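For reference, target_37.cif is printed below; it contains mmCIF, C-alpha atoms.
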data_coords
#
loop_
_atom_site.label_atom_id
_atom_site.label_comp_id
_atom_site.auth_asym_id
_atom_site.auth_seq_id
_atom_site.Cartn_x
_atom_site.Cartn_y
_atom_site.Cartn_z
CA MET A 1 -8.05 -32.45 -1.94
CA THR A 2 -10.93 -32.30 0.56
CA MET A 3 -14.45 -31.18 -0.41
CA TYR A 4 -16.77 -29.22 1.89
CA TRP A 5 -20.36 -28.27 1.19
CA CYS A 6 -21.56 -25.14 2.99
CA GLU A 7 -25.25 -24.55 3.55
CA TYR A 8 -24.41 -20.84 3.33
CA ALA A 9 -21.04 -19.17 2.80
CA TRP A 10 -19.94 -15.55 2.91
CA LEU A 11 -18.15 -15.06 -0.41
CA PRO A 12 -16.43 -11.84 -1.56
CA ASP A 13 -19.70 -10.58 -3.10
CA GLY A 14 -21.91 -11.61 -0.18
CA VAL A 15 -23.75 -14.64 1.17
CA ALA A 16 -24.38 -17.54 -1.23
CA GLU A 17 -26.25 -20.83 -0.77
CA GLY A 18 -25.06 -24.35 -1.49
CA VAL A 19 -21.35 -23.52 -1.77
CA ARG A 20 -18.76 -26.21 -2.43
CA ILE A 21 -15.25 -25.39 -1.20
CA GLU A 22 -12.30 -27.61 -2.06
CA VAL A 23 -9.22 -27.38 0.15
CA SER A 24 -5.76 -28.57 -0.83
CA GLY A 25 -3.17 -28.41 1.93
CA ASP A 26 -3.39 -24.98 3.54
CA ARG A 27 -5.14 -23.28 0.59
CA ILE A 28 -8.60 -23.06 -0.92
CA ALA A 29 -8.44 -24.72 -4.34
CA SER A 30 -11.91 -23.89 -5.65
CA VAL A 31 -15.22 -22.30 -4.67
CA GLN A 32 -18.47 -23.10 -6.49
CA ARG A 33 -22.01 -22.04 -5.64
CA ASP A 34 -25.50 -23.49 -6.08
CA LEU A 35 -24.35 -27.11 -5.91
CA PRO A 36 -26.02 -30.13 -4.27
CA ARG A 37 -24.81 -31.54 -0.98
CA ALA A 38 -21.60 -33.56 -1.29
CA GLY A 39 -18.45 -34.16 0.73
CA THR A 40 -18.23 -32.94 4.33
CA ILE A 41 -21.39 -31.00 5.20
CA LEU A 42 -21.04 -27.68 7.03
CA ASN A 43 -24.53 -26.62 8.09
CA GLY A 44 -25.02 -23.00 9.08
CA LEU A 45 -23.03 -20.04 7.76
CA THR A 46 -19.36 -20.45 6.84
CA LEU A 47 -17.21 -17.33 7.00
CA PRO A 48 -13.58 -16.52 6.33
CA GLY A 49 -11.76 -16.43 9.66
CA PHE A 50 -11.86 -13.25 11.73
CA ALA A 51 -8.68 -11.22 12.29
CA ASN A 52 -7.82 -9.99 15.78
CA THR A 53 -5.38 -7.28 14.78
CA HIS A 54 -4.65 -5.90 18.26
CA SER A 55 -4.05 -8.07 21.33
CA HIS A 56 -2.32 -7.79 24.68
CA ALA A 57 -2.60 -11.43 25.75
CA PHE A 58 -1.69 -10.91 29.40
CA HIS A 59 -4.46 -8.33 29.87
CA ARG A 60 -6.94 -11.22 29.81
CA ALA A 61 -6.04 -11.80 33.47
CA LEU A 62 -7.57 -8.37 34.27
CA ARG A 63 -11.07 -9.32 33.12
CA GLY A 64 -13.55 -8.80 35.93
CA ARG A 65 -10.85 -7.43 38.27
CA THR A 66 -10.72 -3.69 37.56
CA HIS A 67 -14.22 -2.51 38.49
CA HIS A 68 -13.63 -1.70 42.16
CA GLU A 69 -14.13 1.92 43.29
CA ARG A 70 -15.52 2.65 39.81
CA GLY A 71 -12.00 2.84 38.32
CA THR A 72 -10.40 5.07 35.68
CA PHE A 73 -8.16 4.37 32.71
CA TRP A 74 -5.17 5.29 34.85
CA SER A 75 -6.15 3.13 37.84
CA TRP A 76 -6.71 0.28 35.36
CA ARG A 77 -3.17 0.90 34.06
CA GLU A 78 -1.70 0.55 37.54
CA ARG A 79 -3.47 -2.78 37.96
CA MET A 80 -2.05 -3.83 34.59
CA TYR A 81 1.47 -2.93 35.73
CA GLU A 82 0.96 -5.04 38.84
CA LEU A 83 -0.04 -7.98 36.70
CA ALA A 84 2.93 -7.58 34.36
CA GLU A 85 5.31 -7.85 37.30
CA ARG A 86 4.02 -11.35 38.06
CA LEU A 87 4.67 -12.97 34.68
CA ASP A 88 7.67 -15.01 33.60
CA PRO A 89 8.24 -16.89 30.33
CA ASP A 90 6.61 -20.10 31.56
CA SER A 91 3.52 -18.50 33.07
CA TYR A 92 3.18 -16.18 30.07
CA TYR A 93 3.24 -19.17 27.73
CA ARG A 94 0.55 -21.00 29.68
CA LEU A 95 -1.69 -17.93 29.97
CA ALA A 96 -1.27 -16.90 26.32
CA ARG A 97 -1.95 -20.43 25.07
CA ALA A 98 -5.31 -20.42 26.86
CA VAL A 99 -6.11 -16.88 25.66
CA TYR A 100 -5.33 -17.78 22.06
CA ALA A 101 -7.48 -20.90 22.39
CA GLU A 102 -10.33 -18.67 23.59
CA MET A 103 -9.84 -16.53 20.47
CA VAL A 104 -10.00 -19.52 18.14
CA LEU A 105 -13.17 -20.73 19.83
CA ALA A 106 -14.62 -17.27 19.11
CA GLY A 107 -13.78 -17.50 15.40
CA TYR A 108 -10.47 -15.67 15.22
CA THR A 109 -7.90 -17.33 12.96
CA SER A 110 -5.11 -14.76 13.25
CA VAL A 111 -3.90 -12.40 15.96
CA GLY A 112 -1.54 -9.43 16.06
CA GLU A 113 0.16 -9.50 19.46
CA PHE A 114 1.25 -5.97 20.47
CA HIS A 115 4.12 -7.26 22.58
CA TYR A 116 6.02 -5.05 25.01
CA LEU A 117 6.61 -7.31 28.04
CA HIS A 118 10.21 -8.01 27.03
CA HIS A 119 12.47 -8.21 30.08
CA ALA A 120 12.65 -9.60 33.60
CA PRO A 121 11.48 -7.53 36.61
CA GLY A 122 13.70 -4.50 37.07
CA GLY A 123 14.36 -4.32 33.34
CA ILE A 124 17.07 -6.98 33.46
CA ALA A 125 17.49 -8.72 30.12
CA TYR A 126 16.86 -12.45 30.06
CA ALA A 127 19.78 -14.66 29.02
CA GLU A 128 17.78 -15.18 25.81
CA PRO A 129 16.63 -11.59 25.11
CA ASN A 130 13.54 -12.70 23.17
CA VAL A 131 12.39 -15.48 25.47
CA MET A 132 9.05 -13.75 26.08
CA SER A 133 8.51 -13.48 22.32
CA GLN A 134 9.32 -17.17 22.02
CA ALA A 135 6.76 -17.93 24.73
CA LEU A 136 4.04 -16.13 22.77
CA ALA A 137 5.02 -17.83 19.53
CA ALA A 138 4.90 -21.25 21.17
CA ALA A 139 1.55 -20.42 22.78
CA ALA A 140 0.02 -19.43 19.44
CA THR A 141 1.38 -22.50 17.69
CA ASP A 142 0.03 -24.79 20.40
CA ALA A 143 -3.37 -23.07 20.23
CA GLY A 144 -3.40 -23.38 16.43
CA ILE A 145 -3.79 -19.68 15.59
CA ARG A 146 -1.83 -17.53 13.14
CA LEU A 147 0.33 -15.01 15.04
CA THR A 148 2.05 -11.80 14.05
CA LEU A 149 4.44 -10.87 16.85
CA LEU A 150 4.41 -7.06 16.86
CA ASP A 151 7.57 -6.38 18.84
CA THR A 152 6.92 -3.01 20.47
CA CYS A 153 9.42 -0.23 21.03
CA TYR A 154 8.89 1.24 24.50
CA LEU A 155 11.50 3.66 25.83
CA ALA A 156 9.91 6.27 28.11
CA GLY A 157 7.35 6.58 30.89
CA GLY A 158 5.74 9.63 29.31
CA PHE A 159 6.80 12.82 27.57
CA GLY A 160 10.22 13.62 29.01
CA GLN A 161 9.85 10.92 31.68
CA PRO A 162 12.10 7.90 32.25
CA PRO A 163 10.39 4.51 32.53
CA SER A 164 8.90 3.81 35.94
CA ARG A 165 9.86 0.76 37.96
CA HIS A 166 6.98 -1.19 36.43
CA GLN A 167 7.70 0.05 32.91
CA SER A 168 11.35 -1.02 33.08
CA ARG A 169 10.28 -4.51 31.97
CA PHE A 170 9.01 -3.00 28.74
CA ALA A 171 11.90 -0.67 27.90
CA ASP A 172 15.02 -1.05 25.80
CA ALA A 173 17.92 1.39 26.07
CA ASP A 174 17.01 3.18 22.83
CA ALA A 175 15.43 2.49 19.45
CA THR A 176 18.63 1.02 18.05
CA ALA A 177 18.87 -1.49 20.90
CA TRP A 178 15.20 -2.32 20.44
CA ALA A 179 15.71 -2.91 16.71
CA GLU A 180 18.70 -5.18 17.28
CA ARG A 181 16.80 -7.29 19.79
CA ALA A 182 13.63 -7.42 17.68
CA ARG A 183 15.52 -8.50 14.55
CA ALA A 184 17.12 -11.35 16.49
CA PHE A 185 13.75 -13.04 16.98
CA THR A 186 13.27 -15.75 14.36
CA PRO A 187 9.72 -17.15 14.21
CA ALA A 188 9.44 -20.92 14.28
CA GLY A 189 6.75 -22.63 12.23
CA GLU A 190 4.49 -21.51 9.41
CA LEU A 191 1.88 -19.85 11.63
CA VAL A 192 4.15 -17.17 13.15
CA ARG A 193 5.35 -13.96 11.45
CA ARG A 194 7.20 -10.85 12.57
CA GLY A 195 5.93 -7.31 12.89
CA THR A 196 6.87 -4.11 14.71
CA ALA A 197 5.22 -1.42 16.81
CA VAL A 198 5.67 1.96 18.43
CA HIS A 199 3.92 1.83 21.77
CA SER A 200 2.81 5.48 21.55
CA VAL A 201 4.18 8.99 21.19
CA ARG A 202 4.28 9.03 25.01
CA ALA A 203 6.58 6.02 25.20
CA VAL A 204 8.92 6.65 22.25
CA PRO A 205 10.61 10.07 22.12
CA ALA A 206 10.22 11.93 18.84
CA GLU A 207 13.91 11.72 17.95
CA GLN A 208 13.75 7.91 18.22
CA LEU A 209 10.68 7.45 16.00
CA PRO A 210 12.52 7.55 12.62
CA THR A 211 14.78 4.70 13.77
CA VAL A 212 11.75 2.54 14.51
CA ALA A 213 10.14 3.39 11.17
CA GLU A 214 13.33 2.51 9.31
CA ALA A 215 13.74 -0.76 11.24
CA ALA A 216 10.21 -1.86 10.27
CA GLU A 217 11.54 -2.60 6.76
CA GLY A 218 8.13 -3.17 5.20
CA LEU A 219 6.81 -5.26 8.09
CA PRO A 220 3.52 -4.34 9.73
CA LEU A 221 4.09 -1.30 11.99
CA HIS A 222 1.42 -0.62 14.59
CA VAL A 223 1.09 2.29 17.04
CA HIS A 224 -1.34 3.30 19.78
CA LEU A 225 -2.73 6.65 18.62
CA SER A 226 -4.88 9.19 20.45
CA GLU A 227 -6.63 6.65 22.63
CA GLN A 228 -7.04 9.17 25.43
CA ARG A 229 -7.62 12.92 25.14
CA GLY A 230 -4.81 13.42 27.65
CA GLU A 231 -2.29 12.08 25.15
CA ASN A 232 -3.32 14.76 22.66
CA VAL A 233 -3.11 17.51 25.28
CA ASP A 234 0.34 16.40 26.44
CA CYS A 235 1.66 16.01 22.90
CA LEU A 236 0.48 19.47 21.94
CA ALA A 237 2.15 20.89 25.05
CA GLN A 238 5.42 19.04 24.35
CA HIS A 239 5.63 19.28 20.56
CA GLY A 240 3.04 21.82 19.44
CA ARG A 241 1.35 19.23 17.21
CA THR A 242 -1.03 16.32 17.48
CA PRO A 243 0.26 12.77 17.85
CA THR A 244 -0.81 12.03 14.26
CA THR A 245 1.13 14.98 12.87
CA LEU A 246 4.18 14.03 14.92
CA LEU A 247 4.09 10.44 13.65
CA SER A 248 3.67 11.67 10.08
CA GLU A 249 6.63 14.04 10.32
CA CYS A 250 8.79 11.25 11.75
CA GLY A 251 7.99 8.82 8.95
CA VAL A 252 5.93 6.37 11.00
CA LEU A 253 2.71 6.56 8.97
CA GLY A 254 2.35 4.65 5.71
CA PRO A 255 0.68 1.72 3.94
CA HIS A 256 2.16 -0.84 6.35
CA THR A 257 1.14 1.17 9.42
CA VAL A 258 -1.93 0.66 11.58
CA ALA A 259 -3.05 3.37 14.01
CA VAL A 260 -4.63 1.56 16.95
CA HIS A 261 -7.69 3.18 18.56
CA ALA A 262 -7.49 6.48 16.60
CA THR A 263 -10.27 7.70 18.88
CA HIS A 264 -9.67 11.43 19.25
CA LEU A 265 -8.65 12.70 15.82
CA THR A 266 -8.97 16.08 14.15
CA SER A 267 -10.01 16.39 10.51
CA THR A 268 -6.36 17.13 9.72
CA ASP A 269 -5.36 13.90 11.48
CA ILE A 270 -7.85 11.92 9.40
CA GLY A 271 -6.46 13.54 6.26
CA ALA A 272 -2.93 12.51 7.25
CA LEU A 273 -3.95 8.88 7.76
CA SER A 274 -5.72 8.90 4.39
CA ARG A 275 -2.87 10.58 2.52
CA THR A 276 -0.28 8.11 3.82
CA GLY A 277 -2.40 4.97 3.34
CA THR A 278 -2.38 4.24 7.07
CA ARG A 279 -5.10 1.95 8.42
CA ALA A 280 -6.94 2.35 11.73
CA CYS A 281 -7.71 -0.44 14.19
CA PHE A 282 -10.70 -0.01 16.46
CA CYS A 283 -11.09 -2.12 19.62
CA PRO A 284 -14.69 -1.31 20.59
CA THR A 285 -15.17 -3.58 23.60
CA THR A 286 -11.95 -2.40 25.23
CA GLU A 287 -12.57 1.23 24.31
CA ARG A 288 -15.95 1.14 26.02
CA ASP A 289 -14.53 -0.82 28.98
CA LEU A 290 -11.88 1.85 29.54
CA GLY A 291 -14.18 4.76 28.74
CA ASP A 292 -11.95 5.91 25.90
CA GLY A 293 -14.68 7.29 23.67
CA ILE A 294 -16.07 6.47 20.23
CA GLY A 295 -13.73 6.82 17.28
CA PRO A 296 -14.72 8.42 13.94
CA ALA A 297 -15.26 5.20 11.98
CA ARG A 298 -17.53 6.65 9.27
CA ALA A 299 -15.33 9.70 8.76
CA LEU A 300 -12.25 7.48 8.39
CA LEU A 301 -14.00 5.20 5.88
CA ASP A 302 -15.24 8.19 3.90
CA ALA A 303 -11.65 9.46 3.76
CA GLY A 304 -10.48 6.12 2.36
CA VAL A 305 -8.85 4.87 5.57
CA GLY A 306 -9.13 1.10 5.90
CA LEU A 307 -10.46 -0.21 9.21
CA CYS A 308 -9.62 -3.38 11.11
CA LEU A 309 -10.57 -4.68 14.54
CA GLY A 310 -8.95 -6.03 17.70
CA SER A 311 -10.00 -7.28 21.12
CA ASP A 312 -7.07 -5.46 22.80
CA SER A 313 -7.40 -6.10 26.57
CA HIS A 314 -9.81 -9.04 26.08
CA ALA A 315 -12.46 -7.58 28.32
CA VAL A 316 -14.57 -9.44 25.75
CA VAL A 317 -13.36 -12.01 23.21
CA ASP A 318 -16.12 -12.08 20.63
CA ALA A 319 -15.46 -11.23 16.98
CA PHE A 320 -19.15 -10.61 16.30
CA GLU A 321 -19.41 -8.16 19.19
CA GLU A 322 -16.38 -6.18 18.00
CA THR A 323 -17.67 -6.10 14.44
CA ARG A 324 -21.23 -4.93 15.03
CA ALA A 325 -19.97 -2.37 17.55
CA LEU A 326 -18.53 -0.35 14.66
CA GLU A 327 -22.06 0.32 13.42
CA LEU A 328 -23.77 0.39 16.82
CA ASN A 329 -21.29 2.93 18.21
CA GLU A 330 -21.82 5.07 15.11
CA ARG A 331 -25.55 4.95 15.75
CA LEU A 332 -25.05 6.18 19.29
CA SER A 333 -22.75 9.02 18.35
CA SER A 334 -24.66 10.14 15.23
CA GLU A 335 -28.21 9.23 16.29
CA GLU A 336 -28.65 7.58 12.88
CA ARG A 337 -28.87 3.96 11.69
CA GLY A 338 -27.22 2.42 8.68
CA ARG A 339 -23.93 4.24 9.01
CA ILE A 340 -21.67 1.33 8.00
CA GLU A 341 -22.68 -1.27 5.42
CA VAL A 342 -22.50 -4.97 6.23
CA GLY A 343 -19.82 -5.44 3.57
CA GLU A 344 -17.71 -2.76 5.21
CA LEU A 345 -18.14 -4.47 8.57
CA MET A 346 -17.01 -7.80 7.14
CA ALA A 347 -13.98 -6.17 5.50
CA ALA A 348 -12.92 -4.72 8.86
CA ALA A 349 -13.55 -8.04 10.63
CA THR A 350 -11.37 -9.99 8.20
CA GLY A 351 -8.50 -7.53 7.83
CA HIS A 352 -5.71 -10.10 8.16
CA ASP A 353 -3.52 -8.08 5.77
CA ALA A 354 -3.17 -5.44 8.49
CA ILE A 355 -0.96 -7.91 10.36
CA GLY A 356 0.83 -9.32 7.33
CA TRP A 357 -1.44 -12.22 6.33
CA SER A 358 -2.53 -10.87 2.95
CA GLU A 359 -3.47 -14.33 1.67
CA VAL A 360 -6.17 -14.78 4.33
CA GLY A 361 -9.61 -13.23 4.67
CA GLU A 362 -11.71 -14.41 1.73
CA LEU A 363 -13.39 -17.63 0.69
CA ALA A 364 -11.80 -17.60 -2.76
CA PRO A 365 -9.48 -19.81 -4.82
CA GLY A 366 -5.86 -19.38 -3.73
CA ALA A 367 -6.73 -17.91 -0.34
CA GLY A 368 -5.52 -19.42 2.91
CA ALA A 369 -7.87 -22.18 4.05
CA ASP A 370 -9.40 -20.52 7.11
CA LEU A 371 -13.08 -21.39 7.62
CA VAL A 372 -15.41 -20.50 10.49
CA THR A 373 -18.84 -22.14 10.59
CA VAL A 374 -21.54 -20.50 12.68
CA ASP A 375 -24.74 -22.09 13.98
CA LEU A 376 -27.90 -20.55 12.51
CA ASP A 377 -30.20 -22.54 14.83
CA SER A 378 -29.18 -21.25 18.28
CA VAL A 379 -31.46 -19.14 20.46
CA ARG A 380 -29.51 -16.12 19.20
CA THR A 381 -29.56 -16.91 15.49
CA ALA A 382 -32.78 -18.88 14.95
CA GLY A 383 -34.91 -17.23 12.27
CA ILE A 384 -32.34 -14.70 11.07
CA GLU A 385 -31.27 -14.06 7.50
CA PRO A 386 -27.76 -15.53 7.11
CA SER A 387 -26.36 -12.10 6.21
CA GLY A 388 -27.66 -10.85 9.56
CA ALA A 389 -25.25 -13.06 11.52
CA LEU A 390 -22.94 -10.14 12.24
CA TYR A 391 -25.78 -8.54 14.20
CA ALA A 392 -27.21 -11.66 15.83
CA ALA A 393 -24.49 -14.26 16.43
CA GLY A 394 -21.91 -14.42 19.18
CA ALA A 395 -18.79 -16.36 20.04
CA ALA A 396 -20.91 -19.17 21.49
CA ASP A 397 -22.37 -19.81 18.04
CA VAL A 398 -19.01 -20.71 16.47
CA ARG A 399 -19.15 -24.44 15.82
CA GLU A 400 -16.12 -25.25 13.64
CA VAL A 401 -12.88 -23.42 12.90
CA MET A 402 -10.30 -24.40 10.30
CA ILE A 403 -6.93 -22.62 10.23
CA ALA A 404 -4.46 -23.18 7.38
CA GLY A 405 -6.37 -26.26 6.28
CA ARG A 406 -6.48 -27.91 9.71
CA TRP A 407 -9.55 -28.22 11.93
CA VAL A 408 -8.74 -26.59 15.26
CA VAL A 409 -12.31 -26.41 16.59
CA GLN A 410 -14.96 -29.03 15.93
CA ASP A 411 -18.35 -29.33 17.62
CA ARG A 412 -17.41 -26.23 19.66
CA GLY A 413 -14.45 -28.05 21.21
CA HIS A 414 -10.82 -26.97 20.87
CA LYS A 415 -8.89 -29.98 19.59
CA LEU A 416 -5.45 -28.84 20.82
CA LEU A 417 -6.42 -27.55 24.27
CA PRO A 418 -9.42 -29.59 25.43
CA HIS A 419 -10.27 -27.54 28.54
CA PRO A 420 -9.39 -23.87 27.89
CA ALA A 421 -11.76 -22.51 30.55
CA ALA A 422 -10.05 -24.61 33.22
CA ALA A 423 -6.66 -23.51 31.92
CA LEU A 424 -7.65 -19.83 32.08
CA ALA A 425 -9.04 -20.18 35.60
CA ARG A 426 -5.91 -21.98 36.79
CA GLU A 427 -3.38 -19.64 35.22
CA ILE A 428 -5.16 -16.42 36.18
CA GLY A 429 -5.80 -17.65 39.69
CA GLN A 430 -2.12 -18.45 40.18
CA LEU A 431 -1.07 -15.00 38.93
CA TRP A 432 -3.22 -13.24 41.50
CA GLU A 433 -2.36 -15.49 44.49
#
Would you mind writing the file out in structure tokens?
Amino acid sequence: MTMYWCEYAWLPDGVAEGVRIEVSGDRIASVQRDLPRAGTILNGLTLPGFANTHSHAFHRALRGRTHHERGTFWSWRERMYELAERLDPDSYYRLARAVYAEMVLAGYTSVGEFHYLHHAPGGIAYAEPNVMSQALAAAATDAGIRLTLLDTCYLAGGFGQPPSRHQSRFADADATAWAERARAFTPAGELVRRGTAVHSVRAVPAEQLPTVAEAAEGLPLHVHLSEQRGENVDCLAQHGRTPTTLLSECGVLGPHTVAVHATHLTSTDIGALSRTGTRACFCPTTERDLGDGIGPARALLDAGVGLCLGSDSHAVVDAFEETRALELNERLSSEERGRIEVGELMAAATGHDAIGWSEVGELAPGAGADLVTVDLDSVRTAGIEPSGALYAAGAADVREVMIAGRWVVQDRGHKLLPHPAAALAREIGQLWE
């Protein structure tokens, strides 16, 4: 049993002062408030770890490289395809390890990896069909972060379109072949779990969707939904219904499902997500980077749809920035302040259950021992109320990170990968040579 004394800690009912947390193994054994200093002192504000529920690790190599000629979502996608062609299991492992280390340094303690880069160039299966999944699992383990590998079904290049040359690396023959390959992946270690995903209604034909839903078998099931208006237009033209309605009719929506982006929804779509218990994952920094639009966060919350957050393309890796963007984007779109309460923001930021880590996300007895301590004396946080950290702090203010009872970051340094910035520069530079 190890005792920690937190100057301030964000407990389930809000911020408390003088909190003693006892950790046994990978779990929190007890939490007591208003106690004198004793044990290991954690000055600042201690939070439950943040959950990054939507990640494409290899997209990190696009940061700062897609702004030429002003760019569009579709020109960005072509650049992404070019990058995907350059990766192999070894380079993907090295890149992902550095990306996951960057996440931990920013306060994330779990990540849902929306993984569709399955095969070798040309769509040729590797001798070990899940070697790219294994690379991601090893990268997460070596970076010390919890990982849910969301193996993604990707079969088509668009409505009625075969996969393009670039997309052939992503595609399986059909949903049955995808399911057989995905089931064959066995996570190694206690920090890696399995999940599933439908890439989108563009990339999985409607007749194949029920097979994916059935294969999910109670695992997390994620799906890109209505990120771009063009997807809605094309789906209506092809099927006479919105992507949300199509997914609902095919059995994809439900309490284990997370609709990623959910940007351009009708009121009927919102009702379908609510009725089925489907969550929505917003990725604000990527959505603004790609010009996707602002999703209906307040309307979804009012309908009882749970929200979670992801950094998606990693244009920014900063849990605080993603979290406050929920409220700040609502202010822009509604021209009102105070749209989303701080407690609602924290619930979205710590939504580990959306990727199958239901025991993580609170500083409470029995919860997974994930702790993130934030500096309250930096130039960004000096003078703030501790509960205002979500609006004032940034990734640079994260001082310590514990994951599953083990310190992974101390004094702002990553203990497992000492020089992550150098690793990122090296791996990204080699990919673009």
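Among the candidate residues A:Ser24, A:Asn52, A:Thr245, A:Thr266, the one lying nearest to Thr350 in chain A is A:Asn52, with distances computed using all atoms listed in the file.
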- Counting only C-alpha atoms, the option among A:Ala138, A:Gly158, A:Thr373, A:Gly25 closest to Ile41 in chain A: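 Ranking A:Ala138, A:Gly158, A:Thr373, A:Gly25 by distance to Ile41 in chain A, first place goes to A:Thr373.
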- Query: Where does the PyMOL selection byres ((chain A and resi 402) around 8) land in this file, that is, which residues does it pick, as a PyMOL selection string?
  - Reply: chain A and resi 109+369-372+400-401+403-409
Can you write out the residues you just picked, keeping C-alpha atoms, as a compact mmCIF listing (two decimals), in the coordinates of the input?
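result22.txt, written as the output of this step:
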# COMPACT_ATOMS: atom_id res chain seq x y z
CA THR A 109 -7.90 -17.33 12.96
CA ALA A 369 -7.87 -22.18 4.05
CA ASP A 370 -9.40 -20.52 7.11
CA LEU A 371 -13.08 -21.39 7.62
CA VAL A 372 -15.41 -20.50 10.49
CA GLU A 400 -16.12 -25.25 13.64
CA VAL A 401 -12.88 -23.42 12.90
CA ILE A 403 -6.93 -22.62 10.23
CA ALA A 404 -4.46 -23.18 7.38
CA GLY A 405 -6.37 -26.26 6.28
CA ARG A 406 -6.48 -27.91 9.71
CA TRP A 407 -9.55 -28.22 11.93
CA VAL A 408 -8.74 -26.59 15.26
CA VAL A 409 -12.31 -26.41 16.59
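Taking CA of Leu95 in chain A as the reference point, CA of Glu427 in chain A is found at 5.8 Å.
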- Item | Result set, the PyMOL selection byres ((chain A and resi 213-225) around 7) on current file, as a list in words |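 Evaluating the PyMOL selection byres ((chain A and resi 213-225) around 7) on this file yields Ala179, Gly195, Thr196, Ala197, Val198, His199, Ser200, Leu209, Pro210, Thr211, Val212, Ser226, Glu227, Pro243, Gly251, Val252, His256, Thr257, Val258, Ala259, Val260, His261, Ala262, Ala354, Ile355 and Gly356 of chain A.
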- Message: Under the PyMOL selection byres ((chain A and resi 375) around 9), which residues of this model are included? Write them out as a PyMOL selection string.
- Response: chain A and resi 43-45+373-374+376-378+381-382+393+396-399
Requested write-out: C-alpha atoms of the selected residues, as a PDB file, in the coordinates of the input:
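Written output follows (again-v9.pdb):
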ATOM      1  CA  ASN A  43     -24.530 -26.620   8.090  1.00  0.00           C
ATOM      2  CA  GLY A  44     -25.020 -23.000   9.080  1.00  0.00           C
ATOM      3  CA  LEU A  45     -23.030 -20.040   7.760  1.00  0.00           C
ATOM      4  CA  THR A 373     -18.840 -22.140  10.590  1.00  0.00           C
ATOM      5  CA  VAL A 374     -21.540 -20.500  12.680  1.00  0.00           C
ATOM      6  CA  LEU A 376     -27.900 -20.550  12.510  1.00  0.00           C
ATOM      7  CA  ASP A 377     -30.200 -22.540  14.830  1.00  0.00           C
ATOM      8  CA  SER A 378     -29.180 -21.250  18.280  1.00  0.00           C
ATOM      9  CA  THR A 381     -29.560 -16.910  15.490  1.00  0.00           C
ATOM     10  CA  ALA A 382     -32.780 -18.880  14.950  1.00  0.00           C
ATOM     11  CA  ALA A 393     -24.490 -14.260  16.430  1.00  0.00           C
ATOM     12  CA  ALA A 396     -20.910 -19.170  21.490  1.00  0.00           C
ATOM     13  CA  ASP A 397     -22.370 -19.810  18.040  1.00  0.00           C
ATOM     14  CA  VAL A 398     -19.010 -20.710  16.470  1.00  0.00           C
ATOM     15  CA  ARG A 399     -19.150 -24.440  15.820  1.00  0.00           C
TER      16      ARG A 399
END
If we count only C-alpha atoms, what is near His67 in chain A at a cut-off of 12 Å, once residues fewer than 3 positions away on the same chain are taken out, given as a short mmCIF file (atom, residue, chain, number, x, y, z; two decimals) with C-alpha atoms, keeping the file's coordinate frame?
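Dumped everything to selection35.cif:
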data_model
loop_
_atom_site.label_atom_id
_atom_site.label_comp_id
_atom_site.auth_asym_id
_atom_site.auth_seq_id
_atom_site.Cartn_x
_atom_site.Cartn_y
_atom_site.Cartn_z
CA LEU A 62 -7.57 -8.37 34.27
CA ARG A 63 -11.07 -9.32 33.12
CA GLY A 64 -13.55 -8.80 35.93
CA ARG A 70 -15.52 2.65 39.81
CA GLY A 71 -12.00 2.84 38.32
CA THR A 72 -10.40 5.07 35.68
CA PHE A 73 -8.16 4.37 32.71
CA SER A 75 -6.15 3.13 37.84
CA TRP A 76 -6.71 0.28 35.36
CA ARG A 79 -3.47 -2.78 37.96
CA ASP A 289 -14.53 -0.82 28.98
CA LEU A 290 -11.88 1.85 29.54
CA ALA A 315 -12.46 -7.58 28.32
#
- Message: Between CA of Cys6 in chain A and CA of Leu42 in chain A, what is the distance in Å, rounded to a tenth?
- Response: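 Pair CA of Cys6 in chain A / CA of Leu42 in chain A returns 4.8 Å.
Distance check against Ile28 in chain A using all atoms listed in the file: of A:Gly144, A:Gly310, A:Gly366, A:Gly304, the minimum falls on A:Gly366.
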Would you write out, as CSV, a table of all residues in range 288-313 of chain A that have an atom no more than 9 Å from an atom of range 332-345 of chain A, listing for each the closest atom pair and the distance in Å to one decimal, considering only C-alpha atoms and ordering rows by chain and rising residue number?
residue,atom,partner,partner_atom,distance
A:Ile294,CA,A:Ser333,CA,7.4
A:Ala297,CA,A:Ile340,CA,8.5
A:Arg298,CA,A:Arg339,CA,6.8
A:Leu301,CA,A:Glu344,CA,8.8
A:Leu307,CA,A:Glu344,CA,8.7
A:Cys308,CA,A:Leu345,CA,9.0
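Taking CA of Gly112 in chain A as the reference point, CA of Leu326 in chain A is found at 19.3 Å.
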